[in-house]
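Trainee: Quick one: this structure, given as structure tokens, is what I'll be asking you about.
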Amino acid sequence: MRKKRWIVILALSALWIAGCSRLETHPATLNDSASSAVPPIPSTSSNHGGEAREIQGDIRNIHYADGNQVLLSADKWYLYNLDTGRVTAETPRRAFDQEQFQAIKDGYVAVGANINPGGSSGGLLAADGGIAYSAIFYDRQLHQKSVFEFNTLLKANEQILSLKAIAFSADGTQAAYATTTGLYLYDFQTNRKTTVVDLNGEDIEARSGVVTFEQIGFTNDDKTIAFKAQSFDIPAVPGKPSFDTCGTVNTDGSGMSNRTFGSYTCKELTAYNKLLLLAEDFTIPSGRMLVMEVPSGITKLHTLSEKGESGFISGSDSGRYFATTLADKTGWKVRVYDTSTGKLEAEQRISSDGEARYMANDPIVKMIDDKRMVMVLLGANQPGVKLKVVFSPF
């Protein structure tokens, strides 16, 4: 199939000229005509330094970069500046099966997973196949600096369960990673691995009942690791399965706090420097959203507009806002809330335009706090589906 060529998004000034109306403080729903006025990757070239830079291939994802930039994942990785409306840098995209992207001091790090069909040996790459996790470090212009393979840290039969079990410090000098045997730190400057929490020990009380770390993230000026885990009661109750918990532990292994929250089940962790977003189980939504302050551990439980939206949470680039998505018969409702107060800041409805495949997966939603800009992608990474992009101020 002939490869599509998508051209970079127009400068933000063009978004307002095109008729994208501002969302009111007391939220008003944008109608379809206002939403569609935001051009979906318009076919106008963008020049930088006299050279036209075009986005090749279908957009797969949008990642946060730094400041007012985002990282567009297509056939390459593209750094896109929201102030100038231009692609400022690009680099070949590693063919990861899954990927994450994080801004760090003086650059970026892409971490990805590749599924191996088998025939390898050692660590996770066992003879029957497995998943290999790699990190690629870049400077501010997306020039590759180094590559690190996480499987080199793994023992025989040890596994990293997912990309969500890997996190990087803000300065990029350390990685935290969780495996089937524990929670660890790796220092790229000293090439030293240290154990934060050992899951092999028989004293389950010493690790507050945790049996598996599923998601992690740095917080509290990189002195603390936040986590979503599976845990057992202390003392253990025979026959009772593990249950969802969330908490924090200092990077030296001290000060561990592993918590449940009454009738609220935390399922998804998004970690920021001074707060955590703890979204609930989407299969049993209660219409609430839990925010935990760090390092105090003080929690706030915000009530959302509709019960069903609370299982689908997207945090903004610095955590000032979070967005929810909820499907109806003909499209998606997108709502933006203030993380501190729980106040509904904006909402808009995005039509599926009669394309059922737009409803097959949750939209990708990103928000840039300083610009009060929300970006929504429908149909991303779905072969044969034309991407729909909506950029709106709120």
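How things are named: the first chain in the structure tokens is A, the next is B, and so on; residues count from 1 in each chain; ligands count from 1 in the order shown.
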Which of stretch 108-290 of chain A counts as strand (DSSP E or B) under DSSP, as JSON, numbers by chain please?
Mentor: {"A": [108, 109, 110, 111, 112, 113, 114, 115, 116, 126, 129, 130, 131, 132, 133, 134, 135, 136, 137, 138, 144, 145, 146, 147, 148, 149, 160, 166, 167, 168, 174, 175, 176, 177, 178, 179, 182, 183, 184, 185, 186, 187, 192, 193, 194, 195, 196, 197, 198, 210, 211, 212, 213, 214, 215, 216, 217, 218, 219, 224, 225, 226, 227, 228, 229, 230, 231, 243, 244, 245, 246, 247, 248, 249, 250, 257, 258, 259, 261, 264, 266, 267, 268, 269, 270, 271, 275, 276, 277, 278, 279, 280, 288, 289, 290]}
Trainee: Where does stretch 272-374 of chain A meet stretch 221-226 of chain A within 10 Å, residue by residue, with the nearest atom pair and distance in Å to one decimal for each, counting only C-alpha atoms, listed by chain and rising number, as JSON lines?
Mentor:
{"residue": "A:Tyr272", "atom": "CA", "partner": "A:Ala226", "partner_atom": "CA", "distance": 9.3}
{"residue": "A:Asn273", "atom": "CA", "partner": "A:Asp221", "partner_atom": "CA", "distance": 5.9}
{"residue": "A:Lys274", "atom": "CA", "partner": "A:Asp221", "partner_atom": "CA", "distance": 8.0}
{"residue": "A:Leu275", "atom": "CA", "partner": "A:Ala226", "partner_atom": "CA", "distance": 9.7}
{"residue": "A:Leu276", "atom": "CA", "partner": "A:Ala226", "partner_atom": "CA", "distance": 7.9}
{"residue": "A:Val294", "atom": "CA", "partner": "A:Thr224", "partner_atom": "CA", "distance": 9.0}
{"residue": "A:Pro295", "atom": "CA", "partner": "A:Thr224", "partner_atom": "CA", "distance": 8.4}
Trainee: Using only C-alpha atoms, which residues sit within 10 Å of stretch 136-142 of chain A once same-chain residues fewer than 6 positions away are excluded, as a PyMOL selection string?
Mentor: chain A and resi 65-66+77-79+88-92+94+101-112+148-149+172
Trainee: I'd like the contact shell of A:Gly182 - 8 Å cut-off, only C-alpha atoms, skipping same-chain residues fewer than 3 positions apart - returned as a list in words.
Mentor: Ala178, Thr179, Thr195, Val196, Val197, Asp198, Leu199, Asn200, Thr212 and Phe213 of chain A
Trainee: How far is it from atom CA of A:Pro363 to atom CA of A:Ser162, in Å with one decimal?
Mentor: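 A separation of 21.1 Å between them.
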Trainee: Counting only C-alpha atoms, which residue out of A:Pro393, A:Gly311, A:Gly342, A:Gly319 sits closest to A:Tyr64?
Mentor: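 Looking at the shortest contact to A:Tyr64, the residue is A:Gly319.
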Trainee: Ranking A:Ile62, A:Met289, A:Ile368, A:Val249 by minimum distance to A:Tyr264 and counting only C-alpha atoms, which one comes first?
Mentor: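 Of A:Ile62, A:Met289, A:Ile368, A:Val249, the one nearest A:Tyr264, counting only C-alpha atoms, is A:Met289.
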